[in-house]
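J.: Sharing upload.cif below, mmCIF, C-alpha atoms and all ligand atoms:
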```cif
data_model
#
loop_
_atom_site.label_atom_id
_atom_site.label_comp_id
_atom_site.auth_asym_id
_atom_site.auth_seq_id
_atom_site.Cartn_x
_atom_site.Cartn_y
_atom_site.Cartn_z
CA MET A 266 -8.78 2.30 23.90
CA VAL A 267 -5.07 2.52 23.26
CA LYS A 268 -4.36 3.43 26.88
CA LEU A 269 -6.54 0.57 28.02
CA LEU A 270 -4.73 -1.85 25.78
CA ILE A 271 -1.27 -0.75 26.78
CA ALA A 272 -2.34 -1.07 30.42
CA GLY A 273 -3.15 -4.65 29.53
CA VAL A 274 0.47 -5.65 29.14
CA LEU A 275 0.71 -8.55 31.54
CA VAL A 276 4.31 -9.59 31.43
CA PHE A 277 7.47 -7.81 30.57
CA LEU A 278 10.77 -9.40 31.25
CA SER A 279 14.18 -9.79 29.83
CA CYS A 280 14.63 -13.50 29.50
CA GLY A 281 18.35 -13.44 29.40
CA THR A 282 21.05 -12.63 26.92
CA ALA A 283 23.32 -14.76 24.80
CA ALA A 284 26.72 -13.64 23.57
CA THR A 285 27.84 -14.83 20.15
CA LYS A 286 30.52 -13.93 17.65
CA SER A 287 29.02 -12.76 14.37
CA GLY A 288 31.69 -12.20 11.72
CA SER A 289 34.22 -9.84 13.28
CA LYS A 290 31.66 -8.60 15.78
CA LEU A 291 30.99 -9.79 19.27
CA THR A 292 27.24 -9.64 19.61
CA ARG A 293 24.78 -10.23 22.38
CA THR A 294 21.13 -11.12 21.86
CA GLN A 295 18.64 -9.74 24.30
CA ALA A 296 15.19 -11.25 24.41
CA LEU A 297 12.06 -9.45 25.55
CA VAL A 298 8.72 -11.13 26.07
CA LYS A 299 5.44 -9.28 26.32
CA THR A 300 1.81 -10.24 26.50
CA LEU A 301 -0.97 -7.87 25.59
CA HIS A 302 -4.66 -8.48 26.19
CA VAL A 303 -6.71 -7.07 23.32
CA ASP A 304 -10.43 -6.42 23.56
CA PRO A 305 -12.68 -5.97 20.53
CA PRO A 306 -12.47 -2.40 19.23
CA GLU A 307 -15.40 -0.22 20.18
CA LYS A 308 -17.31 1.35 17.34
CA GLY A 309 -15.68 4.59 16.24
CA LYS A 310 -12.59 3.97 18.38
CA SER A 311 -9.08 3.24 17.21
CA ARG A 312 -8.52 -0.11 15.57
CA TYR A 313 -4.81 0.01 16.41
CA ALA A 314 -2.90 -0.87 19.55
CA TYR A 315 0.77 -0.20 20.19
CA VAL A 316 3.34 -2.07 22.22
CA SER A 317 6.47 -0.10 23.07
CA PHE A 318 9.88 -1.60 23.66
CA ALA A 319 13.32 -0.12 24.29
CA VAL A 320 16.06 -0.46 21.70
CA PRO A 321 19.55 0.04 23.15
CA PRO A 322 22.41 1.74 21.30
CA ASN A 323 24.41 -0.42 18.87
CA THR A 324 21.52 -2.72 18.07
CA LEU A 325 22.17 -4.49 14.77
CA ARG A 326 18.96 -6.39 14.24
CA ILE A 327 15.50 -6.68 15.74
CA SER A 328 13.47 -9.88 15.25
CA ILE A 329 9.85 -9.99 16.35
CA SER A 330 7.39 -12.85 16.51
CA TYR A 331 3.83 -12.91 17.83
CA ASN A 332 1.18 -15.51 18.44
CA TYR A 333 -2.36 -15.69 19.76
CA ASP A 334 -5.36 -17.99 19.65
CA HIS A 335 -6.76 -17.55 16.16
CA ALA A 336 -10.05 -19.16 17.27
CA ASN A 337 -10.61 -20.63 13.80
CA GLY A 338 -10.26 -17.24 12.20
CA ALA A 339 -12.50 -15.36 14.66
CA ASN A 340 -9.39 -13.53 15.83
CA ALA A 341 -7.23 -11.85 13.20
CA LEU A 342 -4.56 -9.35 14.19
CA ASP A 343 -2.33 -7.47 11.78
CA ILE A 344 1.16 -6.33 12.70
CA GLY A 345 3.69 -3.67 11.76
CA LEU A 346 6.54 -1.65 13.26
CA PHE A 347 7.57 1.96 13.92
CA ASP A 348 10.98 3.06 15.13
CA SER A 349 11.88 5.75 17.65
CA ARG A 350 11.08 8.60 15.25
CA ALA A 351 7.36 7.87 15.25
CA THR A 352 4.97 10.49 16.58
CA GLU A 353 1.34 10.33 17.64
CA ARG A 354 0.31 12.79 14.93
CA ALA A 355 -2.46 11.61 12.63
CA GLY A 356 -1.13 11.13 9.13
CA ASP A 357 2.52 11.13 10.21
CA VAL A 358 4.31 8.00 9.07
CA ASN A 359 7.77 9.06 10.18
CA GLY A 360 9.59 6.12 11.65
CA PHE A 361 7.49 3.60 9.72
CA ARG A 362 9.51 0.38 9.42
CA GLY A 363 7.02 -1.98 7.86
CA TRP A 364 3.72 -3.81 7.87
CA SER A 365 2.93 -7.44 7.20
CA GLY A 366 -0.77 -7.43 8.03
CA GLY A 367 -1.76 -10.95 8.98
CA ARG A 368 0.66 -12.56 6.57
CA ARG A 369 3.63 -13.31 8.83
CA ALA A 370 4.06 -14.60 12.39
CA GLU A 371 7.63 -13.26 12.54
CA PHE A 372 9.83 -10.68 10.83
CA PHE A 373 13.08 -8.77 11.31
CA VAL A 374 14.68 -5.47 10.46
CA ALA A 375 18.39 -4.76 10.25
CA ARG A 376 20.53 -2.03 8.77
CA GLU A 377 21.03 -3.66 5.36
CA THR A 378 18.20 -6.17 5.12
CA ALA A 379 14.69 -6.81 6.34
CA THR A 380 11.82 -9.21 5.84
CA PRO A 381 9.83 -8.18 2.72
CA GLY A 382 7.26 -5.62 3.81
CA TYR A 383 9.77 -4.11 6.24
CA VAL A 384 12.36 -1.42 5.61
CA PRO A 385 16.06 -1.87 6.27
CA GLY A 386 18.01 1.02 7.72
CA GLU A 387 19.60 2.40 10.83
CA ILE A 388 18.46 0.77 14.05
CA ARG A 389 18.03 3.90 16.10
CA PRO A 390 18.12 3.57 19.85
CA GLY A 391 15.06 4.66 21.78
CA SER A 392 11.47 3.60 22.17
CA TRP A 393 10.13 1.57 19.22
CA ARG A 394 6.50 0.51 18.81
CA ILE A 395 4.88 -2.58 17.44
CA ILE A 396 1.55 -1.65 15.86
CA LEU A 397 -1.23 -4.19 16.07
CA GLY A 398 -4.22 -3.85 13.73
CA LEU A 399 -7.41 -5.19 15.25
CA TYR A 400 -9.02 -6.78 12.21
CA ARG A 401 -11.19 -9.28 14.12
CA VAL A 402 -11.33 -9.94 17.88
CA VAL A 403 -13.75 -12.27 19.70
CA PRO A 404 -15.99 -10.64 22.35
CA ALA A 405 -13.94 -12.08 25.23
CA GLY A 406 -10.77 -10.57 23.79
CA VAL A 407 -7.51 -12.39 23.20
CA ASP A 408 -4.01 -12.48 24.69
CA VAL A 409 -1.24 -11.73 22.22
CA ASN A 410 2.30 -12.90 23.00
CA PHE A 411 5.30 -11.09 21.56
CA LYS A 412 8.95 -12.13 21.52
CA ILE A 413 11.45 -9.46 20.60
CA ASP A 414 15.09 -10.40 20.03
CA GLU A 415 17.59 -7.58 19.85
CA GLU A 416 21.05 -8.36 18.54
CA ILE A 417 23.47 -5.85 20.01
CA ASP A 418 27.03 -5.12 18.88
CA GLU A 419 29.14 -5.55 21.99
CA SER A 420 32.38 -4.60 20.31
CA LYS A 421 31.30 -0.95 20.22
CA THR A 422 30.99 1.18 23.26
CA THR A 423 30.59 4.39 21.29
CA ARG A 424 29.50 5.06 17.75
CA LEU A 425 32.49 5.32 15.49
CA ALA A 426 30.85 6.60 12.35
CA ALA A 427 27.77 8.48 11.40
CA PRO A 428 25.10 5.92 10.53
CA ALA A 429 23.36 5.82 7.20
CA GLU A 430 19.96 7.41 7.22
CA THR A 431 16.91 5.30 6.84
CA ASN A 432 15.08 6.36 3.74
CA PRO A 433 12.92 9.32 4.67
CA VAL A 434 9.19 8.76 4.76
CA SER A 435 8.06 12.22 5.65
CA LEU A 436 4.90 13.52 4.10
CA GLY A 437 3.54 16.88 3.27
CA ILE A 438 6.31 18.19 1.05
CA PRO A 439 4.31 19.56 -1.81
CA VAL A 440 5.50 18.83 -5.29
CA SER A 441 5.08 21.83 -7.55
CA LEU A 442 1.83 21.53 -9.42
CA THR A 443 1.63 21.99 -13.14
CA SER A 444 -1.47 21.52 -15.20
CA GLY A 445 -3.32 20.65 -12.05
CA LEU A 446 -1.15 17.67 -11.29
CA ALA A 447 2.40 17.17 -10.18
CA LEU A 448 4.01 14.32 -12.01
CA ARG A 449 7.50 12.98 -11.88
CA GLU A 450 9.09 12.13 -15.17
CA GLN A 451 10.78 8.80 -15.66
CA THR A 452 13.08 7.67 -18.37
CA SER A 453 11.03 6.58 -21.34
CA LEU A 454 11.00 2.86 -21.89
CA ALA A 455 9.26 2.99 -25.23
CA PRO A 456 10.77 3.50 -28.65
CA ALA A 457 9.64 6.48 -30.70
CA LYS A 458 5.97 6.06 -31.62
CA VAL A 459 3.18 7.93 -33.28
CA PHE A 460 0.97 9.62 -30.70
CA PRO A 461 -1.57 9.29 -29.35
CA ARG A 462 -1.25 5.61 -28.84
CA TRP A 463 -2.82 3.04 -26.61
CA VAL A 464 -1.03 1.37 -23.76
CA SER A 465 -2.39 -1.09 -21.29
CA GLY A 466 -1.52 -1.73 -17.69
CA ASP A 467 -2.51 -3.35 -14.46
CA LEU A 468 -2.84 -0.81 -11.67
CA HIS A 469 -3.44 -3.13 -8.73
CA LEU A 470 -0.90 -5.86 -7.87
CA HIS A 471 0.62 -7.46 -4.77
CA THR A 472 3.95 -9.14 -4.10
CA VAL A 473 5.81 -10.84 -1.26
CA HIS A 474 6.17 -7.34 0.18
CA SER A 475 2.63 -7.76 1.50
CA ASP A 476 0.32 -10.76 1.17
CA GLY A 477 1.20 -11.80 -2.37
CA ASP A 478 3.32 -14.70 -3.57
CA TRP A 479 4.80 -12.88 -6.58
CA THR A 480 8.39 -11.75 -6.34
CA ILE A 481 8.89 -8.53 -8.26
CA PRO A 482 10.93 -10.21 -11.06
CA GLU A 483 8.22 -12.88 -11.43
CA LEU A 484 5.53 -10.23 -11.61
CA VAL A 485 7.41 -8.25 -14.25
CA THR A 486 7.92 -11.39 -16.33
CA ALA A 487 4.21 -12.25 -16.08
CA ALA A 488 3.17 -8.70 -17.00
CA LYS A 489 5.40 -8.71 -20.08
CA ALA A 490 4.08 -12.13 -21.09
CA ALA A 491 0.55 -10.71 -20.80
CA GLY A 492 1.52 -7.91 -23.18
CA LEU A 493 1.17 -5.12 -20.66
CA ASP A 494 3.01 -1.83 -21.12
CA PHE A 495 3.07 -0.86 -17.45
CA ILE A 496 2.11 -2.06 -14.01
CA CYS A 497 1.71 -0.48 -10.61
CA ILE A 498 2.72 -2.47 -7.53
CA THR A 499 0.32 -1.63 -4.75
CA ASP A 500 1.38 -3.64 -1.73
CA HIS A 501 -0.70 -3.14 1.39
CA ASN A 502 0.42 -0.37 3.76
CA THR A 503 4.12 -0.34 2.97
CA TYR A 504 6.77 1.06 0.65
CA SER A 505 9.34 -1.69 1.09
CA HIS A 506 8.90 -2.70 -2.57
CA HIS A 507 10.12 0.68 -3.88
CA ALA A 508 13.83 -0.11 -3.66
CA GLU A 509 13.39 -3.25 -5.74
CA ILE A 510 11.24 -1.45 -8.32
CA ALA A 511 14.22 0.82 -8.97
CA GLN A 512 16.13 -2.24 -10.24
CA VAL A 513 13.55 -3.03 -12.96
CA ASN A 514 14.64 -1.74 -16.35
CA ASP A 515 12.53 -3.66 -18.86
CA LEU A 516 9.00 -2.57 -17.92
CA LEU A 517 7.48 0.64 -16.63
CA VAL A 518 6.63 -0.06 -12.99
CA LEU A 519 4.82 2.60 -10.99
CA ARG A 520 5.29 2.80 -7.25
CA GLY A 521 2.01 2.39 -5.43
CA GLU A 522 0.42 1.57 -2.11
CA GLU A 523 -2.90 -0.01 -1.32
CA ILE A 524 -3.96 2.05 1.65
CA THR A 525 -5.70 -0.73 3.51
CA THR A 526 -8.02 0.48 6.26
CA TYR A 527 -10.67 -1.51 8.09
CA GLY A 528 -13.28 0.58 6.27
CA GLY A 529 -12.14 0.09 2.68
CA HIS A 530 -9.09 0.15 0.43
CA ALA A 531 -7.63 2.83 -1.85
CA ASN A 532 -4.76 2.73 -4.32
CA ALA A 533 -2.18 5.47 -4.64
CA TRP A 534 -0.35 5.37 -8.00
CA GLY A 535 2.92 7.10 -8.82
CA LEU A 536 4.28 7.81 -5.35
CA PRO A 537 7.83 9.14 -5.08
CA ARG A 538 10.34 6.57 -3.93
CA ASP A 539 10.05 5.68 -0.25
CA ALA A 540 6.89 7.71 0.25
CA MET A 541 3.80 6.19 1.74
CA LEU A 542 0.44 7.30 3.00
CA ASP A 543 -0.87 6.67 6.50
CA PHE A 544 -3.41 3.88 6.52
CA ARG A 545 -4.58 4.43 10.10
CA VAL A 546 -7.99 5.84 9.24
CA GLN A 547 -11.04 4.59 11.13
CA PRO A 548 -13.98 3.25 9.09
CA GLY A 549 -16.28 6.06 8.01
CA ASP A 550 -13.82 8.81 9.02
CA ASN A 551 -14.26 11.16 6.07
CA PRO A 552 -11.87 13.87 7.33
CA GLY A 553 -9.30 11.09 7.80
CA ILE A 554 -9.69 9.77 4.27
CA SER A 555 -9.61 13.34 2.91
CA ARG A 556 -6.24 13.75 4.60
CA VAL A 557 -5.00 10.66 2.76
CA VAL A 558 -6.30 12.04 -0.55
CA ALA A 559 -4.55 15.36 0.05
CA GLN A 560 -1.31 13.60 0.97
CA ALA A 561 -1.47 11.52 -2.22
CA HIS A 562 -1.95 14.63 -4.36
CA SER A 563 0.78 16.53 -2.52
CA ARG A 564 3.16 13.74 -3.49
CA GLY A 565 2.15 13.87 -7.14
CA ALA A 566 0.22 10.60 -6.97
CA LEU A 567 -3.31 9.74 -8.03
CA ILE A 568 -5.68 7.96 -5.70
CA SER A 569 -8.44 5.50 -6.47
CA ILE A 570 -11.26 3.84 -4.53
CA ASN A 571 -10.74 0.07 -4.75
CA HIS A 572 -13.38 -2.66 -5.02
CA PRO A 573 -16.00 -0.61 -3.14
CA PHE A 574 -18.37 -3.56 -2.68
CA ALA A 575 -15.88 -6.36 -1.99
CA LEU A 576 -17.30 -8.93 0.39
CA CYS A 577 -14.34 -9.52 2.72
CA PRO A 578 -14.85 -7.85 6.14
CA GLY A 579 -13.63 -4.25 6.07
CA CYS A 580 -12.91 -4.35 2.32
CA ASP A 581 -16.05 -2.48 1.24
CA TRP A 582 -15.95 1.30 1.06
CA SER A 583 -17.19 3.22 4.13
CA TYR A 584 -16.07 6.71 3.08
CA GLY A 585 -17.18 9.42 0.69
CA GLU A 586 -15.69 9.91 -2.75
CA ASP A 587 -14.52 13.54 -2.45
CA GLY A 588 -11.21 14.22 -4.10
CA PHE A 589 -10.66 10.75 -5.50
CA ASP A 590 -9.34 10.55 -9.03
CA ALA A 591 -10.58 7.09 -9.94
CA ILE A 592 -12.69 4.16 -8.93
CA GLU A 593 -12.00 0.50 -9.58
CA VAL A 594 -15.15 -0.84 -11.21
CA TRP A 595 -13.64 -4.13 -12.25
CA ASN A 596 -11.51 -6.15 -9.80
CA GLY A 597 -10.29 -9.56 -10.98
CA THR A 598 -13.01 -11.85 -12.25
CA TRP A 599 -16.23 -9.98 -13.03
CA ASP A 600 -18.89 -10.53 -10.40
CA ASN A 601 -21.80 -8.84 -8.66
CA ALA A 602 -19.48 -6.63 -6.59
CA ASP A 603 -18.15 -5.19 -9.87
CA GLU A 604 -21.68 -4.72 -11.15
CA ARG A 605 -22.44 -2.65 -8.06
CA ALA A 606 -19.19 -0.69 -8.43
CA LEU A 607 -20.14 0.09 -12.00
CA SER A 608 -23.52 1.40 -10.85
CA LEU A 609 -21.83 3.57 -8.23
CA TRP A 610 -19.53 5.02 -10.88
CA ASP A 611 -22.51 5.69 -13.10
CA ARG A 612 -24.29 7.52 -10.27
CA LEU A 613 -21.19 9.58 -9.58
CA LEU A 614 -20.87 10.56 -13.23
CA GLN A 615 -24.51 11.56 -13.42
CA ASN A 616 -23.98 13.74 -10.35
CA GLY A 617 -21.12 15.48 -12.09
CA ARG A 618 -18.36 13.63 -10.22
CA HIS A 619 -15.90 12.72 -12.91
CA LEU A 620 -13.90 9.89 -11.45
CA THR A 621 -12.07 7.72 -13.94
CA ALA A 622 -13.09 4.08 -13.98
CA VAL A 623 -10.30 1.53 -13.96
CA ALA A 624 -10.05 -2.24 -14.15
CA SER A 625 -7.35 -4.32 -12.45
CA SER A 626 -6.51 -7.87 -11.56
CA ASP A 627 -5.59 -7.36 -7.87
CA SER A 628 -3.38 -10.37 -8.51
CA HIS A 629 -1.50 -11.77 -5.53
CA ARG A 630 -0.21 -14.95 -7.20
CA PRO A 631 -0.21 -16.73 -10.57
CA ALA A 632 -3.64 -18.30 -9.95
CA SER A 633 -5.05 -14.83 -10.60
CA PRO A 634 -3.53 -13.75 -13.93
CA VAL A 635 -1.86 -10.37 -14.24
CA GLY A 636 -3.73 -8.07 -16.61
CA GLN A 637 -7.12 -9.70 -16.13
CA ALA A 638 -8.61 -7.18 -16.05
CA ALA A 639 -6.49 -4.26 -17.29
CA THR A 640 -6.91 -0.57 -18.04
CA HIS A 641 -6.13 0.87 -21.45
CA VAL A 642 -4.91 4.42 -21.56
CA ALA A 643 -4.15 6.71 -24.48
CA ILE A 644 -0.89 8.58 -24.08
CA ASP A 645 0.23 11.57 -26.07
CA GLN A 646 3.93 11.38 -25.32
CA ALA A 647 6.52 8.78 -24.44
CA LEU A 648 5.45 6.13 -21.97
CA THR A 649 6.36 7.29 -18.48
CA THR A 650 4.75 7.36 -15.06
CA ALA A 651 3.86 10.97 -15.75
CA THR A 652 2.12 10.37 -19.06
CA VAL A 653 0.17 7.41 -17.72
CA LEU A 654 -1.03 9.37 -14.70
CA ARG A 655 -1.83 12.42 -16.77
CA SER A 656 -3.98 10.37 -19.11
CA ILE A 657 -5.82 8.68 -16.29
CA ARG A 658 -6.49 12.05 -14.74
CA ALA A 659 -7.39 13.90 -17.94
CA ARG A 660 -10.76 15.57 -18.24
CA LEU A 661 -12.94 15.96 -21.30
CA SER A 662 -12.34 19.67 -21.30
CA ASP A 663 -8.77 18.98 -22.21
CA GLN A 664 -9.20 18.85 -25.96
CA HIS A 665 -5.57 18.27 -26.64
CA CYS A 666 -5.05 15.37 -24.32
CA PRO A 667 -6.51 12.13 -25.58
CA GLY A 668 -6.47 10.72 -22.09
CA VAL A 669 -8.99 8.60 -20.35
CA GLN A 670 -12.60 9.28 -21.16
CA THR A 671 -14.86 9.40 -18.17
CA TYR A 672 -18.14 10.50 -19.71
CA VAL A 673 -19.36 7.05 -20.47
CA TYR A 674 -22.84 5.79 -19.93
CA SER A 675 -22.58 2.51 -18.17
CA LYS A 676 -25.94 1.31 -19.42
CA GLU A 677 -24.42 0.72 -22.82
CA VAL A 678 -22.75 -2.43 -23.96
CA TRP A 679 -19.32 -2.20 -22.49
CA ARG A 680 -17.88 -5.51 -21.47
CA THR A 681 -18.42 -7.38 -24.62
CA GLU A 682 -15.74 -8.65 -26.95
CA ASP A 683 -15.92 -5.46 -28.99
CA LEU A 684 -15.25 -2.88 -26.38
CA ARG A 685 -15.26 -0.01 -28.84
CA HIS A 686 -19.02 0.10 -28.50
CA TRP A 687 -18.71 2.38 -25.55
CA ARG A 688 -21.00 5.33 -25.95
CA CYS A 689 -19.22 8.54 -25.24
CA ASP A 690 -19.73 12.24 -25.72
CA HIS A 691 -16.33 12.40 -27.31
CA SER A 692 -14.14 9.87 -28.93
CA PHE A 693 -13.59 7.26 -26.31
CA ALA A 694 -10.28 6.99 -24.64
CA LEU A 695 -10.82 4.22 -22.18
CA THR A 696 -11.40 0.60 -22.95
CA TRP A 697 -11.17 -2.62 -21.09
CA THR A 698 -9.40 -5.83 -21.79
CA ALA A 699 -11.81 -8.58 -22.65
CA ILE A 700 -11.21 -11.65 -20.52
ZN ZN A 801 -3.90 -8.60 -0.33
ZN ZN A 802 -8.00 -4.39 -1.48
ZN ZN A 803 -5.33 -5.42 -3.44
#
```
Could I get this structure in the form of structure tokens?
Ligand SMILES: [Zn+2]
Ligand SMILES: [Zn+2]
Ligand SMILES: [Zn+2]
T.:
Amino acid sequence: MVKLLIAGVLVFLSCGTAATKSGSKLTRTQALVKTLHVDPPEKGKSRYAYVSFAVPPNTLRISISYNYDHANGANALDIGLFDSRATERAGDVNGFRGWSGGRRAEFFVARETATPGYVPGEIRPGSWRIILGLYRVVPAGVDVNFKIDEEIDESKTTRLAAPAETNPVSLGIPVSLTSGLALREQTSLAPAKVFPRWVSGDLHLHTVHSDGDWTIPELVTAAKAAGLDFICITDHNTYSHHAEIAQVNDLLVLRGEEITTYGGHANAWGLPRDAMLDFRVQPGDNPGISRVVAQAHSRGALISINHPFALCPGCDWSYGEDGFDAIEVWNGTWDNADERALSLWDRLLQNGRHLTAVASSDSHRPASPVGQAATHVAIDQALTTATVLRSIRARLSDQHCPGVQTYVYSKEVWRTEDLRHWRCDHSFALTWTAI
């Protein structure tokens, strides 16, 4: 399919250059135009197409726009970018430079700045690739037009200084495992408290770094106003929000990613800075999703199945549950999809699969309030990413840890005002925020 699609490039031409003076630099902008014909993806085949383009030395900035006939929503094509370090290896996200899904018609990357969702850094010369995600395509297919502007520094003929490295995105470096889980410690944000104590957080949130409207400062302000102790920002298929999270010092913010495939979504919580997981898994590809789970664990993160019965196309879960730490049984406003997720969790528990149930808002903007719903977690030490993850992950057999209780019978009253009516084998350690 990919070969077929690349062969479908109809036009490739340099439509001229324009020299300008930018600050102290003499720059030249080179424009490339391409058209790609995309056919609907065949069942079981790749849902991604790539368009390569050459980046010359001394390029300062790359701006890309694309357009196509949306056919009243019948066509929907996502977009992202890889630089010259990218490989064809499954699960390898080296060279990843960003993803905006269907949110933006244009974006740019430069050494110091980039459109939210994209990663600034060195503009390496070589062959770069636009990635196109085939979310929906009409049977006749659709032509997609790309315009690529490359701003080149003409005042340099050779490189004068070693360039700064783009933040590494390599995967597969195992973090040493202790107590069954590798967890990175963060500076405690909480004053000394008596333990165990309850904290509440929202583990599923989006910002302008993907398809949300929240800026990170706005989101932090809203989370504090809602009385939350922590949040996890889980933008779709990117890590461009990580650098900004590092600037937050008045709320515990976990680094996350919503791994957004066309066969369901999963949240990774507690990723190391600038790490991400490859989202290019075909619907129903269980070995592919197992690779994502293993990558999450190797980076010290937890991974959760999100909204398994969501109604939007490709949002419902098409994979197995092996290896997952948690399942989101409550996403935003309670509805029938949550009811079904709750039943799935119950079935998993009764089959001895001890996933932790979580509740989140999946808020993208203020219309969907942060913390509605939220997950309450008991922590036994200072509030850090590590203690939150440890409690979410904790099993009943761990007598000492008062972490999240997963042996709960979902038939009992559980989303009433008094949430302490959960029936548990042990003292409960997981509750939900009443909304
Ligand atoms: Zn979204
Ligand atoms: Zn989702
Ligand atoms: Zn989401």
J.: At a cut-off of 7 Å and counting only C-alpha atoms and all ligand atoms, what residues surround ligand ZN 801 (chain A)? Please answer as a JSON list (two decimals) with C-alpha atoms, in the frame of the given file.
T.:
```
[["chain", "number", "residue", "atom", "x", "y", "z"],
["A", 471, "HIS", "CA", 0.62, -7.46, -4.77],
["A", 475, "SER", "CA", 2.63, -7.76, 1.50],
["A", 476, "ASP", "CA", 0.32, -10.76, 1.17],
["A", 477, "GLY", "CA", 1.20, -11.80, -2.37],
["A", 501, "HIS", "CA", -0.70, -3.14, 1.39],
["A", 629, "HIS", "CA", -1.50, -11.77, -5.53]]
```
J.: To one decimal place, how far is atom CA of A:Phe411 from atom CA of A:Ser317 in Å?
T.: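 Going from atom CA of A:Phe411 over to atom CA of A:Ser317 covers 11.2 Å.
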J.: Can you list, as a ChimeraX atom specification, every protein, DNA or RNA residue that comes within 12 Å of A:Asp467 when you count all atoms listed in the file, leaving out same-chain residues fewer than 2 positions away?
T.: /A:464-465,469-471,484-485,487-489,491-499,517-519,521,534,593,595-597,623-628,634-642,653,697-698
J.: Please produce an output containing C-alpha atoms for each residue in the selection, written as an mmCIF file, in the frame of the given file.
T.:
```
data_model
loop_
_atom_site.group_PDB
_atom_site.id
_atom_site.type_symbol
_atom_site.label_atom_id
_atom_site.label_comp_id
_atom_site.auth_asym_id
_atom_site.auth_seq_id
_atom_site.Cartn_x
_atom_site.Cartn_y
_atom_site.Cartn_z
ATOM 1 C CA VAL A 464 -1.030 1.370 -23.760
ATOM 2 C CA SER A 465 -2.390 -1.090 -21.290
ATOM 3 C CA HIS A 469 -3.440 -3.130 -8.730
ATOM 4 C CA LEU A 470 -0.900 -5.860 -7.870
ATOM 5 C CA HIS A 471 0.620 -7.460 -4.770
ATOM 6 C CA LEU A 484 5.530 -10.230 -11.610
ATOM 7 C CA VAL A 485 7.410 -8.250 -14.250
ATOM 8 C CA ALA A 487 4.210 -12.250 -16.080
ATOM 9 C CA ALA A 488 3.170 -8.700 -17.000
ATOM 10 C CA LYS A 489 5.400 -8.710 -20.080
ATOM 11 C CA ALA A 491 0.550 -10.710 -20.800
ATOM 12 C CA GLY A 492 1.520 -7.910 -23.180
ATOM 13 C CA LEU A 493 1.170 -5.120 -20.660
ATOM 14 C CA ASP A 494 3.010 -1.830 -21.120
ATOM 15 C CA PHE A 495 3.070 -0.860 -17.450
ATOM 16 C CA ILE A 496 2.110 -2.060 -14.010
ATOM 17 C CA CYS A 497 1.710 -0.480 -10.610
ATOM 18 C CA ILE A 498 2.720 -2.470 -7.530
ATOM 19 C CA THR A 499 0.320 -1.630 -4.750
ATOM 20 C CA LEU A 517 7.480 0.640 -16.630
ATOM 21 C CA VAL A 518 6.630 -0.060 -12.990
ATOM 22 C CA LEU A 519 4.820 2.600 -10.990
ATOM 23 C CA GLY A 521 2.010 2.390 -5.430
ATOM 24 C CA TRP A 534 -0.350 5.370 -8.000
ATOM 25 C CA GLU A 593 -12.000 0.500 -9.580
ATOM 26 C CA TRP A 595 -13.640 -4.130 -12.250
ATOM 27 C CA ASN A 596 -11.510 -6.150 -9.800
ATOM 28 C CA GLY A 597 -10.290 -9.560 -10.980
ATOM 29 C CA VAL A 623 -10.300 1.530 -13.960
ATOM 30 C CA ALA A 624 -10.050 -2.240 -14.150
ATOM 31 C CA SER A 625 -7.350 -4.320 -12.450
ATOM 32 C CA SER A 626 -6.510 -7.870 -11.560
ATOM 33 C CA ASP A 627 -5.590 -7.360 -7.870
ATOM 34 C CA SER A 628 -3.380 -10.370 -8.510
ATOM 35 C CA PRO A 634 -3.530 -13.750 -13.930
ATOM 36 C CA VAL A 635 -1.860 -10.370 -14.240
ATOM 37 C CA GLY A 636 -3.730 -8.070 -16.610
ATOM 38 C CA GLN A 637 -7.120 -9.700 -16.130
ATOM 39 C CA ALA A 638 -8.610 -7.180 -16.050
ATOM 40 C CA ALA A 639 -6.490 -4.260 -17.290
ATOM 41 C CA THR A 640 -6.910 -0.570 -18.040
ATOM 42 C CA HIS A 641 -6.130 0.870 -21.450
ATOM 43 C CA VAL A 642 -4.910 4.420 -21.560
ATOM 44 C CA VAL A 653 0.170 7.410 -17.720
ATOM 45 C CA TRP A 697 -11.170 -2.620 -21.090
ATOM 46 C CA THR A 698 -9.400 -5.830 -21.790
#
```
J.: What does the structure give for the distance between atom CA of A:Asn532 and atom CA of A:Leu397, in Å to one decimal?
T.: 21.8 Å
J.: Residues within 7 Å of ligand ZN 802 (chain A) (only C-alpha atoms and all ligand atoms), as a ChimeraX atom specification?
T.: /A:523,525,530,571-572,580
J.: What's the separation between atom CA of A:Gly579 and atom CA of A:Val403, in Å to one decimal place?
T.: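 Straight-line distance from atom CA of A:Gly579 to atom CA of A:Val403 works out to 15.8 Å.
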J.: Which residue, A:Thr472, A:Ser656, A:Ser563, A:Thr294, has the smallest gap to ligand ZN 803 (chain A) when you use all atoms listed in the file?
T.: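 Ranking A:Thr472, A:Ser656, A:Ser563, A:Thr294 by distance to ligand ZN 803 (chain A), first place goes to A:Thr472.
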J.: Return the single residue from A:Ala296, A:Leu468, A:Ala314, A:Leu301 that is closest to ligand ZN 803 (chain A), with distances computed using all atoms listed in the file.
T.: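 Between A:Ala296, A:Leu468, A:Ala314, A:Leu301, the residue approaching ligand ZN 803 (chain A) most closely is A:Leu468.
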J.: Taking only C-alpha atoms and all ligand atoms into account, name the residue in A:Ala540, A:Ala591, A:Gly529, A:Gly617 that is nearest to ligand ZN 803 (chain A).
T.: A:Gly529
J.: Write out as number ranges by chain which residues come within 10 Å of A:Ala339 when counting only C-alpha atoms, dropping same-chain ones fewer than 2 positions away.
T.: A: 334-337, 341-342, 400-404
J.: Identify which of the residues A:Ala561, A:Leu609, A:Val546, A:Val594 lies closest to A:Ala355, counting all atoms listed in the file when measuring atom-to-atom distances.
T.: A:Val546
